[in-house]
file final.txt (compact mmCIF, C-alpha atoms)
# COMPACT_ATOMS: atom_id res chain seq x y z
CA MET B 196 -18.77 23.43 22.77
CA LYS B 197 -19.85 21.70 19.59
CA ARG B 198 -20.59 18.00 19.46
CA PHE B 199 -20.97 16.14 16.17
CA GLY B 200 -22.15 12.64 15.41
CA LEU B 201 -21.06 10.57 12.43
CA ALA B 202 -24.14 11.45 10.38
CA ALA B 203 -23.46 15.18 10.64
CA LEU B 204 -19.75 15.10 9.84
CA ALA B 205 -20.08 14.59 6.08
CA ALA B 206 -21.98 17.87 5.77
CA LEU B 207 -19.55 19.62 8.10
CA ALA B 208 -16.69 18.64 5.81
CA PHE B 209 -18.06 21.19 3.35
CA ALA B 210 -18.83 23.74 6.07
CA GLY B 211 -15.27 24.20 7.28
CA ILE B 212 -14.31 21.32 9.55
CA ALA B 213 -12.48 19.62 6.66
CA SER B 214 -9.97 22.46 6.74
CA ALA B 215 -9.85 22.69 10.54
CA GLN B 216 -6.91 21.09 12.30
CA ASP B 217 -7.90 21.44 15.95
CA ALA B 218 -10.42 18.99 17.40
CA VAL B 219 -11.24 16.80 20.37
CA ILE B 220 -12.33 13.23 19.66
CA HIS B 221 -14.31 11.23 22.19
CA ALA B 222 -13.57 7.59 21.35
CA GLY B 223 -15.65 4.82 22.86
CA TYR B 224 -13.28 2.02 21.86
CA LEU B 225 -9.77 3.15 20.93
CA LEU B 226 -7.32 0.75 19.29
CA ALA B 227 -4.48 3.20 19.82
CA LYS B 228 -1.71 0.62 19.35
CA PRO B 229 -3.04 -2.38 17.42
CA GLY B 230 -1.84 -5.51 19.13
CA GLU B 231 -2.52 -4.11 22.60
CA GLY B 232 -6.33 -4.18 22.59
CA TYR B 233 -8.86 -1.43 23.14
CA LEU B 234 -8.74 1.50 25.50
CA ARG B 235 -12.23 2.50 26.67
CA LYS B 236 -13.68 6.01 26.85
CA GLN B 237 -10.72 8.03 25.63
CA THR B 238 -10.20 11.64 24.58
CA VAL B 239 -7.85 12.32 21.68
CA THR B 240 -6.83 15.96 21.33
CA VAL B 241 -5.70 17.16 17.91
CA LYS B 242 -3.90 20.43 17.19
CA ASP B 243 -2.29 21.60 13.95
CA GLY B 244 -2.80 18.21 12.36
CA ARG B 245 -1.07 16.18 15.05
CA ILE B 246 -2.16 14.35 18.17
CA VAL B 247 -1.43 16.34 21.32
CA SER B 248 -2.67 13.84 23.89
CA VAL B 249 -4.62 10.65 24.50
CA GLU B 250 -6.35 10.71 27.90
CA ALA B 251 -8.76 8.50 29.78
CA GLY B 252 -12.31 9.76 30.12
CA TYR B 253 -14.26 12.21 28.03
CA ARG B 254 -12.53 15.55 28.51
CA PRO B 255 -14.12 18.91 27.59
CA ALA B 256 -12.77 20.82 24.62
CA PRO B 257 -11.35 24.34 24.76
CA LYS B 258 -13.75 27.07 23.70
CA GLY B 259 -14.38 27.05 19.97
CA VAL B 260 -12.81 23.63 19.38
CA PRO B 261 -15.25 21.02 18.04
CA VAL B 262 -15.86 17.71 19.77
CA ILE B 263 -16.18 14.77 17.40
CA ASP B 264 -18.44 12.24 19.06
CA LEU B 265 -17.24 8.67 18.40
CA ARG B 266 -18.38 7.34 21.77
CA ASN B 267 -20.30 4.48 20.21
CA ASP B 268 -17.62 3.67 17.63
CA TYR B 269 -14.40 1.72 17.20
CA VAL B 270 -11.51 4.07 16.53
CA LEU B 271 -8.15 3.06 15.11
CA PRO B 272 -5.11 4.50 13.34
CA GLY B 273 -5.38 5.39 9.67
CA LEU B 274 -4.73 2.29 7.58
CA ILE B 275 -1.61 1.81 5.45
CA ASP B 276 -1.39 -0.10 2.15
CA SER B 277 2.21 -0.95 1.29
CA HIS B 278 1.54 -1.94 -2.34
CA VAL B 279 -0.66 0.07 -4.68
CA HIS B 280 -0.55 1.36 -8.25
CA ILE B 281 -2.43 4.60 -7.73
CA THR B 282 -2.45 5.85 -11.34
CA HIS B 283 -3.78 2.63 -12.86
CA GLU B 284 -6.67 0.19 -12.59
CA ASN B 285 -6.65 -3.03 -14.58
CA GLY B 286 -9.57 -4.03 -16.76
CA PRO B 287 -10.64 -4.58 -20.35
CA ASP B 288 -9.36 -1.19 -21.54
CA ALA B 289 -6.02 -1.24 -19.72
CA ARG B 290 -3.85 -2.19 -22.72
CA ILE B 291 -5.36 0.32 -25.13
CA LYS B 292 -4.92 3.09 -22.57
CA THR B 293 -1.17 2.66 -23.07
CA PHE B 294 -1.65 4.43 -26.39
CA GLU B 295 -4.51 6.75 -25.47
CA GLU B 296 -3.38 8.34 -22.19
CA THR B 297 -0.57 10.74 -21.43
CA THR B 298 1.15 10.89 -18.06
CA VAL B 299 -1.04 13.91 -17.32
CA ASP B 300 -4.12 11.75 -17.91
CA GLU B 301 -2.66 9.12 -15.60
CA ALA B 302 -2.00 11.70 -12.89
CA PHE B 303 -5.64 12.81 -13.05
CA ASP B 304 -6.78 9.18 -12.98
CA GLY B 305 -4.54 8.75 -9.95
CA ALA B 306 -6.09 11.74 -8.21
CA GLY B 307 -9.49 10.10 -8.48
CA PHE B 308 -8.16 6.76 -7.27
CA ALA B 309 -6.29 8.46 -4.42
CA TYR B 310 -9.49 10.06 -3.16
CA LYS B 311 -11.31 6.70 -3.25
CA THR B 312 -8.44 5.19 -1.30
CA LEU B 313 -8.54 7.91 1.33
CA LEU B 314 -12.29 7.57 1.79
CA ALA B 315 -11.76 3.83 2.29
CA GLY B 316 -9.70 4.63 5.39
CA PHE B 317 -6.22 4.27 3.92
CA THR B 318 -4.43 7.44 4.94
CA THR B 319 -1.00 6.30 3.71
CA VAL B 320 0.09 4.18 0.75
CA GLN B 321 3.25 3.06 -0.97
CA ASP B 322 3.03 3.21 -4.76
CA VAL B 323 5.34 0.63 -6.30
CA GLY B 324 4.98 1.10 -10.03
CA GLY B 325 3.80 3.86 -12.31
CA PRO B 326 5.02 6.64 -14.59
CA ASN B 327 7.51 8.85 -12.78
CA ASP B 328 5.92 12.15 -13.76
CA ALA B 329 2.39 11.06 -12.87
CA VAL B 330 3.21 9.29 -9.61
CA PHE B 331 5.72 11.78 -8.22
CA GLY B 332 3.60 14.74 -9.29
CA LEU B 333 0.54 13.30 -7.56
CA ARG B 334 2.54 12.45 -4.45
CA ASP B 335 3.82 16.01 -4.22
CA ALA B 336 0.40 17.57 -4.91
CA ILE B 337 -1.13 15.53 -2.08
CA ALA B 338 1.71 16.52 0.26
CA LYS B 339 1.08 20.20 -0.55
CA GLY B 340 -2.64 19.82 0.15
CA LEU B 341 -3.61 20.55 -3.45
CA VAL B 342 -5.26 17.16 -3.98
CA PRO B 343 -7.06 15.01 -1.36
CA GLY B 344 -5.43 11.63 -0.98
CA PRO B 345 -3.32 9.41 1.25
CA ARG B 346 0.24 10.18 2.15
CA MET B 347 2.43 8.53 -0.47
CA ARG B 348 5.84 6.94 -0.55
CA ALA B 349 6.55 6.23 -4.20
CA ALA B 350 8.91 4.15 -6.32
CA GLY B 351 7.90 5.38 -9.75
CA GLU B 352 8.98 3.16 -12.61
CA PRO B 353 10.08 -0.32 -11.48
CA ILE B 354 13.55 -1.43 -12.48
CA SER B 355 13.47 -4.47 -14.75
CA VAL B 356 15.55 -6.38 -17.29
CA THR B 357 14.94 -6.34 -21.02
CA GLY B 358 11.91 -8.50 -21.74
CA GLY B 359 11.17 -8.97 -18.05
CA HIS B 360 8.13 -8.20 -15.94
CA GLY B 361 8.17 -4.41 -15.79
CA ASP B 362 9.38 -4.00 -19.37
CA VAL B 363 6.87 -3.44 -22.17
CA ASN B 364 5.84 -6.75 -23.73
CA GLY B 365 3.37 -8.10 -26.25
CA TYR B 366 3.27 -5.24 -28.76
CA ALA B 367 4.95 -4.81 -32.14
CA PRO B 368 8.75 -4.32 -31.84
CA ASP B 369 8.72 -0.74 -33.15
CA VAL B 370 6.01 0.15 -30.64
CA MET B 371 7.91 -1.44 -27.75
CA LYS B 372 11.00 0.63 -28.61
CA LEU B 373 8.97 3.79 -28.05
CA PHE B 374 7.82 2.64 -24.62
CA THR B 375 11.13 1.29 -23.29
CA GLY B 376 12.51 3.65 -20.67
CA PRO B 377 15.74 4.12 -18.70
CA ASN B 378 14.36 1.90 -15.94
CA ILE B 379 15.29 -1.15 -18.05
CA CYS B 380 18.82 -2.40 -17.34
CA ASN B 381 21.15 -5.25 -18.25
CA GLY B 382 24.32 -6.08 -16.34
CA ALA B 383 25.42 -4.93 -12.89
CA ASP B 384 26.79 -1.54 -13.97
CA ASP B 385 23.72 -0.70 -16.03
CA CYS B 386 21.48 -1.63 -13.09
CA ARG B 387 23.48 0.71 -10.86
CA ARG B 388 22.78 3.45 -13.40
CA ALA B 389 19.05 2.67 -13.39
CA VAL B 390 18.88 2.92 -9.59
CA ARG B 391 20.69 6.24 -9.59
CA GLN B 392 18.41 7.55 -12.32
CA GLN B 393 15.30 6.67 -10.30
CA VAL B 394 16.70 8.36 -7.22
CA LYS B 395 17.52 11.43 -9.33
CA GLU B 396 13.96 11.57 -10.67
CA GLY B 397 12.42 11.44 -7.20
CA ALA B 398 11.99 7.83 -6.04
CA ASP B 399 11.50 7.39 -2.30
CA VAL B 400 12.07 3.64 -2.59
CA ILE B 401 13.42 1.38 -5.34
CA LYS B 402 11.09 -1.26 -6.76
CA ILE B 403 12.49 -4.09 -8.88
CA THR B 404 10.83 -7.00 -10.66
CA ALA B 405 13.05 -9.85 -9.53
CA THR B 406 10.97 -12.56 -11.24
CA GLY B 407 8.40 -12.93 -13.96
CA GLY B 408 4.89 -11.71 -13.23
CA VAL B 409 1.31 -12.57 -14.01
CA LEU B 410 0.15 -9.50 -15.92
CA SER B 411 3.14 -9.04 -18.23
CA ASN B 412 2.14 -10.30 -21.68
CA THR B 413 4.98 -12.75 -22.12
CA LYS B 414 5.55 -16.45 -21.57
CA ALA B 415 8.72 -15.83 -19.61
CA GLY B 416 7.71 -17.79 -16.53
CA LEU B 417 7.62 -16.74 -12.90
CA GLU B 418 11.23 -17.31 -11.88
CA GLN B 419 14.38 -15.26 -11.40
CA GLN B 420 15.07 -12.66 -14.10
CA PHE B 421 17.91 -10.57 -12.66
CA THR B 422 21.29 -12.23 -12.18
CA ASP B 423 22.72 -12.48 -8.67
CA GLU B 424 25.32 -9.84 -9.63
CA GLU B 425 22.61 -7.45 -10.84
CA LEU B 426 20.58 -7.92 -7.66
CA LYS B 427 23.60 -7.24 -5.48
CA ALA B 428 24.48 -4.12 -7.48
CA ILE B 429 20.93 -2.77 -7.17
CA VAL B 430 20.75 -3.27 -3.41
CA GLU B 431 24.21 -1.85 -2.76
CA THR B 432 23.57 1.22 -4.90
CA ALA B 433 20.12 1.93 -3.46
CA HIS B 434 21.29 1.53 0.12
CA ALA B 435 24.28 3.80 -0.56
CA MET B 436 21.82 6.44 -1.74
CA GLY B 437 19.55 6.03 1.27
CA ARG B 438 16.79 4.04 -0.41
CA GLN B 439 15.21 0.73 0.54
CA VAL B 440 14.62 -1.85 -2.18
CA THR B 441 11.49 -3.94 -2.56
CA ALA B 442 11.20 -6.79 -5.02
CA HIS B 443 8.24 -8.15 -6.93
CA ALA B 444 8.98 -11.87 -6.73
CA HIS B 445 6.93 -15.04 -7.19
CA GLY B 446 9.26 -17.99 -7.87
CA LYS B 447 11.20 -19.60 -5.04
CA ALA B 448 14.66 -19.18 -6.61
CA GLY B 449 13.96 -15.54 -7.43
CA VAL B 450 12.64 -14.74 -3.97
CA GLU B 451 15.61 -16.39 -2.33
CA ALA B 452 18.15 -14.71 -4.64
CA ALA B 453 16.66 -11.33 -3.78
CA LEU B 454 16.78 -12.09 -0.06
CA ARG B 455 20.40 -13.23 -0.24
CA ALA B 456 21.24 -9.99 -2.06
CA GLY B 457 19.93 -8.03 0.93
CA ILE B 458 16.56 -6.90 -0.40
CA ASP B 459 14.46 -5.13 2.23
CA SER B 460 11.08 -6.63 1.34
CA ILE B 461 9.38 -9.04 -1.02
CA GLU B 462 6.09 -8.31 -2.79
CA HIS B 463 3.92 -11.42 -3.38
CA GLY B 464 6.36 -14.26 -2.47
CA THR B 465 4.06 -16.90 -3.94
CA TYR B 466 6.35 -19.93 -3.79
CA THR B 467 7.72 -19.24 -0.32
CA ASP B 468 8.57 -22.46 1.54
CA ASP B 469 10.43 -23.37 4.73
CA GLU B 470 13.84 -22.55 3.23
CA THR B 471 12.55 -19.19 2.04
CA ILE B 472 11.02 -18.44 5.44
CA ALA B 473 14.41 -19.06 7.05
CA LEU B 474 15.99 -16.54 4.67
CA PHE B 475 13.31 -13.95 5.42
CA LYS B 476 14.14 -14.23 9.11
CA GLU B 477 17.90 -14.40 8.60
CA HIS B 478 17.89 -11.17 6.57
CA ASN B 479 15.17 -9.43 8.62
CA ALA B 480 13.14 -8.85 5.46
CA MET B 481 9.42 -8.14 5.26
CA LEU B 482 6.75 -9.82 3.17
CA VAL B 483 4.00 -7.81 1.47
CA PRO B 484 1.60 -10.62 0.51
CA THR B 485 -1.03 -9.03 -1.83
CA VAL B 486 -3.46 -11.94 -1.49
CA LEU B 487 -6.24 -9.74 -2.86
CA ALA B 488 -4.38 -9.55 -6.17
CA GLY B 489 -4.24 -13.33 -6.28
CA ALA B 490 -7.96 -13.60 -5.64
CA THR B 491 -8.63 -10.97 -8.30
CA VAL B 492 -6.59 -12.56 -11.10
CA THR B 493 -8.06 -15.97 -10.27
CA GLY B 494 -11.38 -14.51 -11.36
CA TRP B 495 -9.89 -13.42 -14.68
CA VAL B 496 -8.65 -16.74 -16.02
CA ASN B 497 -11.48 -16.93 -18.57
CA GLU B 498 -11.60 -13.24 -19.47
CA PRO B 499 -10.88 -12.77 -23.19
CA TRP B 500 -9.48 -9.25 -22.63
CA LEU B 501 -6.60 -10.67 -20.60
CA PRO B 502 -3.78 -11.91 -22.87
CA GLU B 503 -3.35 -15.67 -23.04
CA ALA B 504 0.08 -15.62 -21.38
CA SER B 505 -1.37 -13.74 -18.42
CA ARG B 506 -4.42 -16.00 -18.14
CA GLU B 507 -2.15 -19.03 -17.93
CA LYS B 508 -0.04 -17.48 -15.17
CA ALA B 509 -3.09 -16.22 -13.30
CA ALA B 510 -4.49 -19.74 -13.18
CA ILE B 511 -1.23 -20.93 -11.60
CA VAL B 512 -0.42 -18.11 -9.18
CA GLY B 513 -3.79 -16.83 -7.97
CA PRO B 514 -4.94 -19.91 -6.03
CA LEU B 515 -1.57 -20.28 -4.26
CA MET B 516 -1.24 -16.95 -2.52
CA GLN B 517 -3.42 -17.42 0.55
CA ASP B 518 -1.68 -20.69 1.42
CA MET B 519 1.66 -18.93 0.95
CA LEU B 520 0.61 -16.33 3.51
CA ARG B 521 -0.51 -19.04 5.91
CA ARG B 522 2.95 -20.67 5.72
CA ALA B 523 4.72 -17.34 6.16
CA HIS B 524 2.58 -16.40 9.16
CA GLU B 525 3.06 -19.75 10.84
CA GLY B 526 6.81 -19.48 10.17
CA GLY B 527 7.10 -16.09 11.85
CA VAL B 528 7.80 -13.89 8.82
CA THR B 529 7.10 -10.20 9.42
CA VAL B 530 4.16 -9.21 7.22
CA ALA B 531 3.27 -5.69 6.12
CA PHE B 532 -0.22 -5.19 4.72
CA GLY B 533 -0.33 -4.69 0.95
CA THR B 534 -2.91 -5.38 -1.72
CA ASP B 535 -1.54 -4.62 -5.22
CA THR B 536 -4.59 -2.41 -5.69
CA GLY B 537 -4.69 -1.28 -9.27
CA VAL B 538 -4.96 -4.97 -10.08
CA SER B 539 -8.06 -4.97 -7.86
CA GLN B 540 -10.26 -1.88 -7.72
CA HIS B 541 -9.19 1.20 -5.81
CA GLY B 542 -11.19 1.77 -2.65
CA GLN B 543 -11.57 -1.96 -2.00
CA ASN B 544 -8.17 -2.33 -0.33
CA ALA B 545 -9.72 -3.52 2.95
CA LYS B 546 -10.86 -6.78 1.37
CA GLU B 547 -7.30 -7.99 2.05
CA PHE B 548 -8.08 -8.17 5.77
CA ALA B 549 -10.57 -11.05 5.44
CA LEU B 550 -8.12 -12.93 3.24
CA MET B 551 -5.44 -12.51 5.91
CA VAL B 552 -7.80 -13.81 8.58
CA GLY B 553 -8.52 -16.73 6.27
CA ALA B 554 -4.78 -17.40 6.24
CA GLY B 555 -4.64 -17.66 10.04
CA PHE B 556 -4.20 -14.07 11.25
CA THR B 557 -6.37 -12.82 14.06
CA PRO B 558 -8.23 -9.63 13.11
CA GLU B 559 -5.97 -7.63 15.40
CA GLU B 560 -2.83 -9.13 13.84
CA ALA B 561 -4.13 -8.19 10.41
CA ILE B 562 -4.88 -4.62 11.55
CA ARG B 563 -1.44 -4.39 13.17
CA SER B 564 0.13 -5.35 9.83
CA ALA B 565 -1.67 -2.36 8.25
CA THR B 566 -0.67 0.10 10.97
CA VAL B 567 2.26 -0.61 13.28
CA VAL B 568 4.14 -2.94 10.94
CA ALA B 569 3.42 -1.09 7.71
CA SER B 570 4.51 2.23 9.24
CA LYS B 571 7.89 0.69 10.05
CA HIS B 572 8.10 -0.85 6.59
CA LEU B 573 7.56 2.60 5.05
CA GLU B 574 10.08 4.16 7.48
CA MET B 575 7.34 6.48 8.73
CA ASP B 576 6.68 5.02 12.19
CA ALA B 577 7.74 8.24 13.93
CA ASP B 578 4.71 9.92 12.36
CA ILE B 579 2.00 7.32 11.68
CA GLY B 580 0.84 3.81 12.61
CA THR B 581 -0.51 4.42 16.10
CA ILE B 582 -2.68 6.97 17.88
CA GLU B 583 -0.34 8.65 20.33
CA ALA B 584 1.01 12.08 21.12
CA GLY B 585 3.26 13.60 18.49
CA LYS B 586 1.99 11.60 15.52
CA TYR B 587 -0.16 12.81 12.67
CA ALA B 588 -3.87 12.75 13.44
CA ASP B 589 -4.59 9.96 10.95
CA ILE B 590 -7.66 8.35 12.51
CA VAL B 591 -10.50 6.19 11.21
CA ALA B 592 -13.60 4.72 12.83
CA VAL B 593 -16.29 2.11 12.21
CA GLU B 594 -19.58 1.42 13.95
CA GLY B 595 -18.97 -2.33 14.42
CA ASP B 596 -16.14 -4.10 16.21
CA PRO B 597 -13.43 -5.06 13.66
CA LEU B 598 -11.79 -7.40 16.16
CA LYS B 599 -14.94 -9.53 16.02
CA ASP B 600 -15.63 -9.04 12.31
CA VAL B 601 -12.72 -7.67 10.31
CA THR B 602 -14.97 -7.00 7.32
CA GLU B 603 -16.25 -3.96 9.25
CA LEU B 604 -13.16 -2.28 7.79
CA GLU B 605 -14.60 -2.64 4.29
CA ASP B 606 -17.07 0.12 5.17
CA ILE B 607 -15.19 2.86 7.03
CA ASP B 608 -17.49 5.46 8.59
CA PHE B 609 -15.06 8.18 9.63
CA VAL B 610 -11.77 9.33 8.11
CA MET B 611 -9.42 11.98 9.46
CA LYS B 612 -6.01 12.58 7.91
CA GLY B 613 -3.67 15.14 9.40
CA GLY B 614 -6.48 16.54 11.51
CA LYS B 615 -8.78 17.10 8.54
CA VAL B 616 -12.06 15.22 8.35
CA TYR B 617 -12.69 13.75 4.91
CA LYS B 618 -15.51 11.37 5.71
CA GLY B 619 -18.00 11.41 8.51
CA GLY B 620 -20.75 8.95 7.64
CA LYS B 621 -21.88 6.24 5.31
call {"tool": "encode", "arguments": {"input": "final.txt", "output": "structure tokens"}}
result
Amino acid sequence: MKRFGLAALAALAFAGIASAQDAVIHAGYLLAKPGEGYLRKQTVTVKDGRIVSVEAGYRPAPKGVPVIDLRNDYVLPGLIDSHVHITHENGPDARIKTFEETTVDEAFDGAGFAYKTLLAGFTTVQDVGGPNDAVFGLRDAIAKGLVPGPRMRAAGEPISVTGGHGDVNGYAPDVMKLFTGPNICNGADDCRRAVRQQVKEGADVIKITATGGVLSNTKAGLEQQFTDEELKAIVETAHAMGRQVTAHAHGKAGVEAALRAGIDSIEHGTYTDDETIALFKEHNAMLVPTVLAGATVTGWVNEPWLPEASREKAAIVGPLMQDMLRRAHEGGVTVAFGTDTGVSQHGQNAKEFALMVGAGFTPEEAIRSATVVASKHLEMDADIGTIEAGKYADIVAVEGDPLKDVTELEDIDFVMKGGKVYKGGK
């Protein structure tokens, strides 16, 4: 029997255990189903990338199967981020990269960002905006085991209206013509076409930009941009083709129009109030709050590289988002963890947890939003979100108790995805 501590696992990743899919984990504190507290002194048996059993006590391993010793650690399901942009990271050079990088370059950028995300303990993500070829190609390469990264559900290009958030803005007209794609639609029938096109090209979920946004270089506000008829057509078409729809939405009228149209989830939701909360609950829709993005853009309001239109919107939206989440939480809205990483830096996704706690969540509620709730949001709860028999062996661990200090999750010590160990120490 082999027994490995955290410090030894990083080296073992290169010695063969990273490709092994059978293991026995001895977990001192196991948060198997976040929301139900810890189980003490548990044995998790992994075979062929999935969890075979979770048993009380420290059970011996079969001959030749390694024991991963996490007896002094806090073990929990792999984390899930419901809102990332894996092929992009904002910063001073972001606008010029539009002209310098091909979709192949963006896919390689995304591979690097995906690995950072995985090492940060996020074993599954939903990408809600990026070039179809780059995003779908990366998703498929990860699924085939060609590239290390989190499991991905991907939207590809967001569907937007001409001149809206999600369209190309702020460049010369002849340049913008070159960068305007089939994801831009006008009128109900054209928006049906755009949905079908995204499904055809490989979208797992449909992302729309229902309102204006902060980082689009246009003074088009933060309110509703699709008509009610367009929103209804998008939702009906996507649902008919077996796809959920999620909506970027800040302004109250835009959020509420999307909810009335039957949208499945709202990203951001900045101006949510009591009326909006009632609509969330009436339509059984989820909120993906992305408070980290708000905190990030608040720090950019004086950055000269950010266009003036975006600086003005950042100054308005950024400071409001944590209070929005507090209202939504108090009102009983179902919240799935999401960060809008790509606005913030990849690998720092876990900073969202402290912001959620600051908005009134307990640490365990915040963790549940990034496991149990997010797995349902991504329609993957049969396979991920908890540590129990039959699910993928997506397991992370930290040395300190995250239920006492949720910032422990900002420094993940152990990462297993599908039975493969990718990180075993600091």
call {"tool": "closest_residue", "arguments": {"input": "final.txt", "among": "B:Ala309, B:Ile582, B:Ala435, B:Ala504", "to": "Val249 (chain B)", "atoms": "only C-alpha atoms"}}
result
B:Ile582
call {"tool": "atom_distance", "arguments": {"input": "final.txt", "atom1": "CA of Leu313 (chain B)", "atom2": "CA of Pro257 (chain B)"}}
result
28.8 Å
call {"tool": "atom_distance", "arguments": {"input": "final.txt", "atom1": "CA of Ser570 (chain B)", "atom2": "CA of Val400 (chain B)"}}
result
14.1 Å
call {"tool": "closest_residue", "arguments": {"input": "final.txt", "among": "B:Ser460, B:Thr493, B:Thr581, B:Gln237", "to": "Gln439 (chain B)", "atoms": "only C-alpha atoms"}}
result
B:Ser460
call {"tool": "residues_around", "arguments": {"input": "final.txt", "residues": "Thr467 (chain B)", "least_positions_apart": "2", "cutoff": "12 Å", "atoms": "all atoms listed in the file", "output": "PyMOL selection string"}}
result
chain B and resi 444-451+454+461-465+469-475+482+484+515-524+526+528
call {"tool": "closest_residue", "arguments": {"input": "final.txt", "among": "B:Pro502, B:Lys236, B:Glu477, B:Lys546", "to": "Tyr269 (chain B)", "atoms": "all atoms listed in the file"}}
result
B:Lys236
